[in-house]
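Undergrad: Quick one: this structure, given as structure tokens, is what I'll be asking you about.
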Amino acid sequence: MGKTLSLLGIGLAFLLAVPVAAAEGDPAALAAKLKEAKVSLQQGFSASAKSGKPISGKFEVEDGKLQLSVYTAKGDAFSEVIVDHKTGKVVKAEPITSSDDLTAAKAQNDAMAKANTSLSAAVSRALKGNKGYRAVSATPSMKDGHPTADVTLLKGTESKTVSEALD
């Protein structure tokens, strides 16, 4: 009986976790939640700048709720800044300490250190060439020795990613 309850508990935990995980990578789920957002990704970058230089940002569904998350760098320190998607005000800023997030932040910061263009400007260029889309994420990286931002755009439930040069 103890094994059966344990297996039921594991099964229930898995079923409850699946919708959250599915929503994060599901353009339709993000599009539905994005209707609540009054601010743009670029406005999120501006709001987070008090915590440091924005090095990436994205709208995401976290625990069933929409949030705008921006990674920032200040010296050798990195923060995740949560910006209210309705007001554009910073809700919280926390140091990035987990190894995976810290590794990603360091790589993004390295790419932005070589950039001559801000992420906000790269997002604006991506939007200019893709009328009717909304930017939902921007992540810099090095490609063939050049800093580049991958900007994910959403139009309805249609999602696409475009690369914008940052040098």
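How things are named: the first chain in the structure tokens is A, the next is B, and so on; residues count from 1 in each chain; ligands count from 1 in the order shown.
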Name the residues of chain A that come out as strand (DSSP E) in a backbone DSSP run; write them as a CSV table (one decimal) with all heavy atoms, in the first residue's frame.
TA:
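Generated output (states.csv):
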```csv
chain,number,residue,atom,x,y,z
A,53,LYS,N,23.7,46.7,-16.3
A,53,LYS,CA,23.5,46.7,-17.8
A,53,LYS,C,22.7,45.4,-18.2
A,53,LYS,O,23.0,44.3,-17.8
A,53,LYS,CB,24.8,46.6,-18.5
A,53,LYS,CG,24.8,46.6,-20.0
A,53,LYS,CD,26.2,46.6,-20.6
A,53,LYS,CE,26.1,46.6,-22.1
A,53,LYS,NZ,27.4,46.6,-22.7
A,54,PRO,N,21.5,45.6,-18.9
A,54,PRO,CA,20.7,44.5,-19.3
A,54,PRO,C,21.6,43.6,-20.3
A,54,PRO,O,22.1,44.1,-21.2
A,54,PRO,CB,19.6,45.1,-20.0
A,54,PRO,CG,19.5,46.5,-19.5
A,54,PRO,CD,20.9,46.9,-19.2
A,55,ILE,N,21.6,42.3,-20.0
A,55,ILE,CA,22.4,41.4,-20.8
A,55,ILE,C,21.5,40.3,-21.5
A,55,ILE,O,21.9,39.6,-22.4
A,55,ILE,CB,23.5,40.7,-20.1
A,55,ILE,CG1,23.0,40.0,-18.8
A,55,ILE,CG2,24.6,41.8,-19.7
A,55,ILE,CD1,24.1,39.2,-18.1
A,56,SER,N,20.2,40.2,-21.1
A,56,SER,CA,19.2,39.4,-21.7
A,56,SER,C,17.9,39.7,-21.1
A,56,SER,O,17.8,40.2,-20.0
A,56,SER,CB,19.6,37.9,-21.6
A,56,SER,OG,19.4,37.4,-20.3
A,57,GLY,N,16.8,39.2,-21.8
A,57,GLY,CA,15.5,39.4,-21.2
A,57,GLY,C,14.5,38.6,-21.9
A,57,GLY,O,14.7,38.2,-23.1
A,58,LYS,N,13.4,38.2,-21.2
A,58,LYS,CA,12.3,37.4,-21.8
A,58,LYS,C,11.1,37.5,-21.0
A,58,LYS,O,11.1,37.7,-19.8
A,58,LYS,CB,12.8,36.0,-21.9
A,58,LYS,CG,13.0,35.3,-20.6
A,58,LYS,CD,13.4,33.8,-20.8
A,58,LYS,CE,13.7,33.1,-19.5
A,58,LYS,NZ,14.1,31.8,-19.7
A,59,PHE,N,10.0,37.4,-21.7
A,59,PHE,CA,8.7,37.2,-21.1
A,59,PHE,C,8.6,35.6,-21.0
A,59,PHE,O,9.0,34.9,-21.9
A,59,PHE,CB,7.5,37.6,-22.0
A,59,PHE,CG,7.3,39.1,-22.0
A,59,PHE,CD1,7.9,39.9,-23.0
A,59,PHE,CD2,6.6,39.7,-21.0
A,59,PHE,CE1,7.7,41.3,-23.0
A,59,PHE,CE2,6.4,41.1,-21.1
A,59,PHE,CZ,6.9,41.9,-22.1
A,60,GLU,N,8.1,35.2,-19.8
A,60,GLU,CA,7.9,33.7,-19.6
A,60,GLU,C,6.7,33.5,-18.7
A,60,GLU,O,6.3,34.4,-18.0
A,60,GLU,CB,9.2,33.1,-19.0
A,60,GLU,CG,9.5,33.7,-17.7
A,60,GLU,CD,10.9,33.3,-17.1
A,60,GLU,OE1,11.4,32.2,-17.5
A,60,GLU,OE2,11.5,34.0,-16.3
A,61,VAL,N,6.3,32.2,-18.8
A,61,VAL,CA,5.2,31.8,-17.9
A,61,VAL,C,5.8,31.0,-16.8
A,61,VAL,O,6.5,30.0,-17.1
A,61,VAL,CB,4.1,31.0,-18.7
A,61,VAL,CG1,3.0,30.5,-17.7
A,61,VAL,CG2,3.5,31.7,-19.9
A,62,GLU,N,5.7,31.6,-15.6
A,62,GLU,CA,6.3,31.0,-14.4
A,62,GLU,C,5.2,30.7,-13.4
A,62,GLU,O,4.5,31.6,-13.0
A,62,GLU,CB,7.4,31.9,-13.8
A,62,GLU,CG,8.1,31.4,-12.7
A,62,GLU,CD,9.3,30.6,-13.0
A,62,GLU,OE1,9.8,30.7,-14.2
A,62,GLU,OE2,9.7,29.8,-12.2
A,65,LYS,N,1.9,32.1,-14.3
A,65,LYS,CA,1.8,33.5,-14.4
A,65,LYS,C,2.8,34.1,-15.3
A,65,LYS,O,4.0,33.7,-15.4
A,65,LYS,CB,1.9,34.2,-13.0
A,65,LYS,CG,0.9,33.8,-12.0
A,65,LYS,CD,1.1,34.4,-10.7
A,65,LYS,CE,0.1,33.9,-9.7
A,65,LYS,NZ,0.4,34.3,-8.3
A,66,LEU,N,2.4,35.2,-16.0
A,66,LEU,CA,3.4,35.9,-16.9
A,66,LEU,C,4.4,36.7,-16.1
A,66,LEU,O,4.0,37.3,-15.1
A,66,LEU,CB,2.6,36.8,-17.9
A,66,LEU,CG,3.5,37.6,-18.9
A,66,LEU,CD1,4.1,36.6,-19.9
A,66,LEU,CD2,2.6,38.6,-19.6
A,67,GLN,N,5.6,36.6,-16.5
A,67,GLN,CA,6.6,37.5,-15.9
A,67,GLN,C,7.6,38.0,-16.9
A,67,GLN,O,7.8,37.3,-17.9
A,67,GLN,CB,7.3,36.9,-14.7
A,67,GLN,CG,8.5,36.0,-14.9
A,67,GLN,CD,9.1,35.6,-13.6
A,67,GLN,OE1,8.5,35.6,-12.5
A,67,GLN,NE2,10.3,35.0,-13.7
A,68,LEU,N,8.1,39.2,-16.7
A,68,LEU,CA,9.2,39.7,-17.5
A,68,LEU,C,10.5,39.7,-16.7
A,68,LEU,O,10.6,40.3,-15.7
A,68,LEU,CB,8.8,41.2,-17.9
A,68,LEU,CG,9.9,42.0,-18.7
A,68,LEU,CD1,10.4,41.2,-19.9
A,68,LEU,CD2,9.3,43.3,-19.1
A,69,SER,N,11.4,38.9,-17.2
A,69,SER,CA,12.7,38.7,-16.5
A,69,SER,C,13.8,39.2,-17.3
A,69,SER,O,14.0,38.9,-18.5
A,69,SER,CB,12.9,37.1,-16.3
A,69,SER,OG,14.2,36.8,-15.8
A,70,VAL,N,14.7,40.0,-16.6
A,70,VAL,CA,15.8,40.6,-17.3
A,70,VAL,C,17.1,40.3,-16.5
A,70,VAL,O,17.1,40.5,-15.3
A,70,VAL,CB,15.7,42.2,-17.4
A,70,VAL,CG1,16.9,42.8,-18.1
A,70,VAL,CG2,14.4,42.5,-18.2
A,71,TYR,N,18.1,39.7,-17.1
A,71,TYR,CA,19.4,39.5,-16.5
A,71,TYR,C,20.2,40.8,-16.7
A,71,TYR,O,20.2,41.4,-17.7
A,71,TYR,CB,20.1,38.4,-17.1
A,71,TYR,CG,19.8,37.0,-16.7
A,71,TYR,CD1,18.6,36.7,-16.0
A,71,TYR,CD2,20.6,35.9,-17.0
A,71,TYR,CE1,18.3,35.5,-15.6
A,71,TYR,CE2,20.3,34.6,-16.6
A,71,TYR,CZ,19.1,34.4,-15.9
A,71,TYR,OH,18.8,33.1,-15.5
A,72,THR,N,20.8,41.2,-15.6
A,72,THR,CA,21.7,42.4,-15.6
A,72,THR,C,23.1,42.1,-15.1
A,72,THR,O,23.3,41.1,-14.3
A,72,THR,CB,21.1,43.6,-14.8
A,72,THR,OG1,21.0,43.2,-13.4
A,72,THR,CG2,19.7,44.0,-15.3
A,73,ALA,N,24.1,42.9,-15.5
A,73,ALA,CA,25.4,42.8,-15.0
A,73,ALA,C,25.9,44.1,-14.5
A,73,ALA,O,25.7,45.1,-15.1
A,73,ALA,CB,26.3,42.3,-16.2
A,74,LYS,N,26.5,44.0,-13.3
A,74,LYS,CA,27.1,45.2,-12.7
A,74,LYS,C,28.5,44.8,-12.1
A,74,LYS,O,28.5,44.0,-11.2
A,74,LYS,CB,26.2,45.8,-11.6
A,74,LYS,CG,26.7,47.1,-11.1
A,74,LYS,CD,25.7,47.6,-10.0
A,74,LYS,CE,25.0,48.9,-10.5
A,74,LYS,NZ,24.1,49.4,-9.5
A,77,ALA,N,29.1,41.1,-10.8
A,77,ALA,CA,27.8,40.6,-10.2
A,77,ALA,C,26.7,40.6,-11.2
A,77,ALA,O,26.6,41.5,-12.1
A,77,ALA,CB,27.4,41.5,-9.0
A,78,PHE,N,25.9,39.6,-11.1
A,78,PHE,CA,24.7,39.4,-12.0
A,78,PHE,C,23.5,39.3,-11.2
A,78,PHE,O,23.4,38.7,-10.1
A,78,PHE,CB,24.9,38.1,-12.9
A,78,PHE,CG,26.2,38.1,-13.7
A,78,PHE,CD1,27.3,37.5,-13.2
A,78,PHE,CD2,26.3,38.8,-14.8
A,78,PHE,CE1,28.5,37.5,-13.9
A,78,PHE,CE2,27.4,38.8,-15.6
A,78,PHE,CZ,28.6,38.2,-15.1
A,79,SER,N,22.4,39.9,-11.8
A,79,SER,CA,21.1,39.8,-11.1
A,79,SER,C,20.0,39.4,-12.1
A,79,SER,O,20.1,39.7,-13.3
A,79,SER,CB,20.7,41.2,-10.5
A,79,SER,OG,21.6,41.6,-9.6
A,80,GLU,N,18.9,38.8,-11.5
A,80,GLU,CA,17.7,38.6,-12.3
A,80,GLU,C,16.7,39.7,-11.8
A,80,GLU,O,16.4,39.7,-10.6
A,80,GLU,CB,17.2,37.2,-12.1
A,80,GLU,CG,15.9,37.0,-12.9
A,80,GLU,CD,15.3,35.7,-12.8
A,80,GLU,OE1,15.6,34.9,-11.8
A,80,GLU,OE2,14.4,35.3,-13.7
A,81,VAL,N,16.3,40.5,-12.7
A,81,VAL,CA,15.4,41.6,-12.3
A,81,VAL,C,14.0,41.2,-12.9
A,81,VAL,O,13.8,40.9,-14.1
A,81,VAL,CB,15.8,42.9,-12.9
A,81,VAL,CG1,14.8,44.0,-12.5
A,81,VAL,CG2,17.2,43.3,-12.4
A,82,ILE,N,13.0,41.2,-12.0
A,82,ILE,CA,11.6,40.9,-12.4
A,82,ILE,C,10.9,42.3,-12.6
A,82,ILE,O,10.8,43.0,-11.6
A,82,ILE,CB,10.9,40.0,-11.4
A,82,ILE,CG1,11.7,38.7,-11.2
A,82,ILE,CG2,9.5,39.7,-11.9
A,82,ILE,CD1,11.9,37.9,-12.4
A,83,VAL,N,10.4,42.5,-13.8
A,83,VAL,CA,9.7,43.8,-14.0
A,83,VAL,C,8.2,43.5,-14.2
A,83,VAL,O,7.8,42.5,-14.9
A,83,VAL,CB,10.3,44.4,-15.4
A,83,VAL,CG1,9.5,45.7,-15.7
A,83,VAL,CG2,11.8,44.7,-15.3
A,90,VAL,N,10.1,47.8,-11.4
A,90,VAL,CA,10.9,46.6,-10.9
A,90,VAL,C,10.1,46.0,-9.7
A,90,VAL,O,9.9,46.8,-8.7
A,90,VAL,CB,12.3,47.0,-10.6
A,90,VAL,CG1,13.0,45.8,-9.9
A,90,VAL,CG2,13.1,47.4,-11.8
A,91,VAL,N,9.9,44.7,-9.7
A,91,VAL,CA,9.2,44.0,-8.6
A,91,VAL,C,10.2,43.5,-7.6
A,91,VAL,O,10.1,43.7,-6.4
A,91,VAL,CB,8.3,42.9,-9.1
A,91,VAL,CG1,7.7,42.1,-8.0
A,91,VAL,CG2,7.2,43.4,-10.1
A,92,LYS,N,11.3,42.9,-8.2
A,92,LYS,CA,12.4,42.4,-7.3
A,92,LYS,C,13.6,42.2,-8.2
A,92,LYS,O,13.6,42.1,-9.4
A,92,LYS,CB,12.0,41.1,-6.6
A,92,LYS,CG,11.8,39.9,-7.5
A,92,LYS,CD,11.5,38.7,-6.7
A,92,LYS,CE,11.2,37.5,-7.6
A,92,LYS,NZ,10.9,36.3,-6.9
A,93,ALA,N,14.8,42.3,-7.5
A,93,ALA,CA,16.0,42.0,-8.2
A,93,ALA,C,16.8,41.0,-7.2
A,93,ALA,O,17.0,41.3,-6.0
A,93,ALA,CB,16.8,43.3,-8.4
A,94,GLU,N,17.2,39.9,-7.7
A,94,GLU,CA,17.9,38.9,-6.9
A,94,GLU,C,19.2,38.6,-7.6
A,94,GLU,O,19.3,38.5,-8.8
A,94,GLU,CB,17.1,37.6,-6.8
A,94,GLU,CG,15.8,37.8,-6.1
A,94,GLU,CD,15.0,36.6,-6.0
A,94,GLU,OE1,15.2,35.6,-6.7
A,94,GLU,OE2,14.1,36.5,-5.1
A,95,PRO,N,20.3,38.3,-6.8
A,95,PRO,CA,21.6,37.9,-7.3
A,95,PRO,C,21.4,36.6,-8.0
A,95,PRO,O,20.7,35.7,-7.6
A,95,PRO,CB,22.5,37.8,-6.1
A,95,PRO,CG,21.7,38.4,-5.0
A,95,PRO,CD,20.3,38.5,-5.3
A,134,ARG,N,5.6,40.9,-31.8
A,134,ARG,CA,6.0,41.5,-30.5
A,134,ARG,C,7.3,40.7,-30.0
A,134,ARG,O,7.3,39.5,-30.2
A,134,ARG,CB,4.9,41.3,-29.5
A,134,ARG,CG,5.2,41.8,-28.1
A,134,ARG,CD,4.0,41.8,-27.3
A,134,ARG,NE,4.4,42.6,-26.1
A,134,ARG,CZ,3.5,43.0,-25.2
A,134,ARG,NH1,2.2,42.8,-25.4
A,134,ARG,NH2,3.9,43.7,-24.1
A,135,ALA,N,8.3,41.4,-29.5
A,135,ALA,CA,9.5,40.8,-29.0
A,135,ALA,C,9.2,40.1,-27.7
A,135,ALA,O,8.7,40.8,-26.8
A,135,ALA,CB,10.6,41.8,-28.9
A,136,VAL,N,9.5,38.9,-27.5
A,136,VAL,CA,9.3,38.2,-26.3
A,136,VAL,C,10.6,37.8,-25.6
A,136,VAL,O,10.6,37.4,-24.4
A,136,VAL,CB,8.4,37.0,-26.4
A,136,VAL,CG1,7.0,37.4,-26.8
A,136,VAL,CG2,8.9,35.9,-27.4
A,137,SER,N,11.7,37.8,-26.3
A,137,SER,CA,13.0,37.5,-25.7
A,137,SER,C,14.1,38.0,-26.5
A,137,SER,O,14.0,38.1,-27.8
A,137,SER,CB,13.2,36.0,-25.4
A,137,SER,OG,13.5,35.3,-26.6
A,138,ALA,N,15.3,38.3,-25.9
A,138,ALA,CA,16.5,38.7,-26.6
A,138,ALA,C,17.7,38.1,-25.8
A,138,ALA,O,17.8,38.4,-24.6
A,138,ALA,CB,16.6,40.2,-26.7
A,139,THR,N,18.5,37.3,-26.5
A,139,THR,CA,19.6,36.7,-25.8
A,139,THR,C,20.8,36.8,-26.7
A,139,THR,O,20.9,36.4,-27.8
A,139,THR,CB,19.3,35.2,-25.6
A,139,THR,OG1,18.1,35.0,-25.0
A,139,THR,CG2,20.4,34.5,-24.8
A,140,PRO,N,21.9,37.5,-26.1
A,140,PRO,CA,23.1,37.6,-26.9
A,140,PRO,C,24.0,36.4,-26.8
A,140,PRO,O,24.0,35.7,-25.8
A,140,PRO,CB,23.8,38.8,-26.2
A,140,PRO,CG,23.4,38.7,-24.8
A,140,PRO,CD,22.0,38.2,-24.8
A,141,SER,N,24.8,36.2,-27.8
A,141,SER,CA,25.8,35.2,-27.8
A,141,SER,C,26.9,35.6,-28.9
A,141,SER,O,26.7,36.5,-29.6
A,141,SER,CB,25.2,33.8,-28.2
A,141,SER,OG,24.7,33.8,-29.5
A,142,MET,N,28.0,34.8,-28.9
A,142,MET,CA,29.0,35.0,-29.9
A,142,MET,C,28.8,34.0,-31.0
A,142,MET,O,28.6,32.8,-30.8
A,142,MET,CB,30.4,34.8,-29.2
A,142,MET,CG,30.8,35.9,-28.2
A,142,MET,SD,30.8,37.6,-28.8
A,142,MET,CE,32.2,37.5,-29.9
A,143,LYS,N,28.8,34.5,-32.2
A,143,LYS,CA,28.6,33.7,-33.4
A,143,LYS,C,29.7,34.1,-34.4
A,143,LYS,O,29.8,35.2,-34.8
A,143,LYS,CB,27.2,33.8,-34.0
A,143,LYS,CG,26.1,33.3,-33.2
A,143,LYS,CD,24.8,33.3,-33.9
A,143,LYS,CE,23.7,32.8,-32.9
A,143,LYS,NZ,22.4,33.0,-33.4
A,146,HIS,N,31.5,37.2,-33.6
A,146,HIS,CA,30.8,38.5,-33.5
A,146,HIS,C,29.6,38.4,-32.5
A,146,HIS,O,29.0,37.4,-32.5
A,146,HIS,CB,30.2,38.8,-34.9
A,146,HIS,CG,31.3,39.1,-35.9
A,146,HIS,ND1,31.9,40.2,-36.1
A,146,HIS,CD2,31.8,38.2,-36.9
A,146,HIS,CE1,32.8,40.1,-37.0
A,146,HIS,NE2,32.7,38.9,-37.6
A,147,PRO,N,29.4,39.4,-31.7
A,147,PRO,CA,28.3,39.4,-30.8
A,147,PRO,C,27.0,39.6,-31.6
A,147,PRO,O,26.8,40.4,-32.5
A,147,PRO,CB,28.5,40.7,-29.9
A,147,PRO,CG,29.3,41.6,-30.8
A,147,PRO,CD,30.2,40.7,-31.7
A,148,THR,N,26.0,38.7,-31.3
A,148,THR,CA,24.7,38.6,-32.0
A,148,THR,C,23.6,38.4,-30.9
A,148,THR,O,23.8,37.8,-29.9
A,148,THR,CB,24.7,37.4,-33.0
A,148,THR,OG1,25.8,37.5,-33.8
A,148,THR,CG2,23.5,37.4,-33.8
A,149,ALA,N,22.5,39.0,-31.2
A,149,ALA,CA,21.3,38.8,-30.3
A,149,ALA,C,20.3,38.0,-31.1
A,149,ALA,O,19.9,38.3,-32.2
A,149,ALA,CB,20.7,40.1,-29.9
A,150,ASP,N,19.9,36.9,-30.5
A,150,ASP,CA,18.7,36.1,-31.0
A,150,ASP,C,17.5,36.7,-30.4
A,150,ASP,O,17.3,36.7,-29.1
A,150,ASP,CB,18.9,34.6,-30.6
A,150,ASP,CG,19.9,34.0,-31.5
A,150,ASP,OD1,20.2,34.4,-32.6
A,150,ASP,OD2,20.4,32.9,-31.1
A,151,VAL,N,16.6,37.3,-31.2
A,151,VAL,CA,15.4,37.9,-30.7
A,151,VAL,C,14.2,37.0,-31.2
A,151,VAL,O,14.0,36.8,-32.3
A,151,VAL,CB,15.3,39.3,-31.4
A,151,VAL,CG1,14.0,40.0,-30.9
A,151,VAL,CG2,16.5,40.2,-31.0
A,152,THR,N,13.5,36.6,-30.2
A,152,THR,CA,12.3,35.8,-30.5
A,152,THR,C,11.1,36.7,-30.5
A,152,THR,O,10.9,37.5,-29.7
A,152,THR,CB,12.1,34.7,-29.4
A,152,THR,OG1,13.3,33.9,-29.3
A,152,THR,CG2,10.9,33.8,-29.7
A,153,LEU,N,10.3,36.5,-31.6
A,153,LEU,CA,9.2,37.4,-31.9
A,153,LEU,C,7.9,36.5,-31.9
A,153,LEU,O,8.0,35.3,-32.3
A,153,LEU,CB,9.4,38.0,-33.3
A,153,LEU,CG,10.6,38.8,-33.5
A,153,LEU,CD1,10.8,39.2,-34.9
A,153,LEU,CD2,10.6,40.1,-32.6
A,154,LEU,N,6.8,37.1,-31.6
A,154,LEU,CA,5.5,36.4,-31.5
A,154,LEU,C,4.5,37.2,-32.2
A,154,LEU,O,4.4,38.5,-32.0
A,154,LEU,CB,5.2,36.2,-30.0
A,154,LEU,CG,4.1,35.1,-29.7
A,154,LEU,CD1,4.5,33.7,-30.1
A,154,LEU,CD2,3.9,35.1,-28.2
A,155,LYS,N,3.7,36.6,-33.0
A,155,LYS,CA,2.5,37.3,-33.7
A,155,LYS,C,1.4,36.2,-33.6
A,155,LYS,O,1.4,35.2,-34.3
A,155,LYS,CB,2.9,37.6,-35.1
A,155,LYS,CG,1.8,38.2,-35.9
A,155,LYS,CD,2.2,38.5,-37.3
A,155,LYS,CE,1.3,39.3,-38.1
A,155,LYS,NZ,1.8,39.5,-39.5
A,158,GLU,N,2.2,32.5,-33.7
A,158,GLU,CA,3.3,32.2,-34.6
A,158,GLU,C,4.6,32.8,-33.9
A,158,GLU,O,4.6,34.0,-33.6
A,158,GLU,CB,3.1,32.9,-35.9
A,158,GLU,CG,4.2,32.6,-36.9
A,158,GLU,CD,4.0,33.4,-38.2
A,158,GLU,OE1,2.8,33.7,-38.6
A,158,GLU,OE2,5.0,33.7,-38.9
A,159,SER,N,5.6,31.9,-33.8
A,159,SER,CA,6.8,32.4,-33.2
A,159,SER,C,8.0,32.2,-34.2
A,159,SER,O,8.0,31.2,-35.0
A,159,SER,CB,7.1,31.5,-32.0
A,159,SER,OG,8.4,31.7,-31.4
A,160,LYS,N,8.9,33.2,-34.1
A,160,LYS,CA,10.1,33.0,-35.0
A,160,LYS,C,11.3,33.8,-34.3
A,160,LYS,O,11.0,34.7,-33.5
A,160,LYS,CB,9.9,33.5,-36.4
A,160,LYS,CG,9.7,35.0,-36.5
A,160,LYS,CD,9.6,35.3,-38.0
A,160,LYS,CE,9.3,36.8,-38.3
A,160,LYS,NZ,9.3,37.1,-39.7
A,161,THR,N,12.5,33.3,-34.6
A,161,THR,CA,13.7,33.9,-34.0
A,161,THR,C,14.5,34.5,-35.1
A,161,THR,O,14.8,33.8,-36.1
A,161,THR,CB,14.5,32.9,-33.2
A,161,THR,OG1,13.6,32.3,-32.1
A,161,THR,CG2,15.7,33.5,-32.5
A,162,VAL,N,14.9,35.8,-34.9
A,162,VAL,CA,15.8,36.4,-35.9
A,162,VAL,C,17.1,36.8,-35.1
A,162,VAL,O,17.1,37.1,-33.9
A,162,VAL,CB,15.1,37.7,-36.5
A,162,VAL,CG1,13.9,37.3,-37.3
A,162,VAL,CG2,14.7,38.7,-35.5
A,163,SER,N,18.1,36.8,-35.9
A,163,SER,CA,19.5,37.2,-35.3
A,163,SER,C,19.8,38.6,-35.8
A,163,SER,O,19.6,39.0,-36.9
A,163,SER,CB,20.5,36.3,-35.8
A,163,SER,OG,20.4,35.0,-35.2
A,164,GLU,N,20.2,39.4,-34.8
A,164,GLU,CA,20.6,40.8,-35.1
A,164,GLU,C,22.1,41.0,-34.6
A,164,GLU,O,22.4,40.6,-33.5
A,164,GLU,CB,19.7,41.8,-34.3
A,164,GLU,CG,18.3,41.8,-34.8
A,164,GLU,CD,18.1,42.5,-36.1
A,164,GLU,OE1,19.0,43.3,-36.5
A,164,GLU,OE2,17.1,42.2,-36.8
A,165,ALA,N,22.9,41.6,-35.5
A,165,ALA,CA,24.3,41.8,-35.2
A,165,ALA,C,24.3,42.9,-34.1
A,165,ALA,O,23.5,43.9,-34.1
A,165,ALA,CB,25.0,42.3,-36.4
```
Undergrad: What gap, in Å, lies between atom CA of Ala121 of chain A and atom CA of Ala49 of chain A?
TA: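 For atom CA of Ala121 of chain A relative to atom CA of Ala49 of chain A, the distance reads 14.4 Å.
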Undergrad: One decimal, Å: what's the distance from atom CA of Leu166 of chain A over to atom CA of Ala113 of chain A, could you say?
TA: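 Going from atom CA of Leu166 of chain A over to atom CA of Ala113 of chain A, I get 10.2 Å.
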Undergrad: Based on DSSP run over this structure's backbone, return all residues of chain A in alpha helix (DSSP H), as an MDAnalysis selection string.
TA: chainID A and resid 2:24 27:34 41:48 99:113 119:128
Undergrad: Quick one: pull the distance between atom CA of Gly52 of chain A and atom CA of Ser120 of chain A, Å, one decimal.
TA: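 Here the two named atoms are 14.2 Å from each other.
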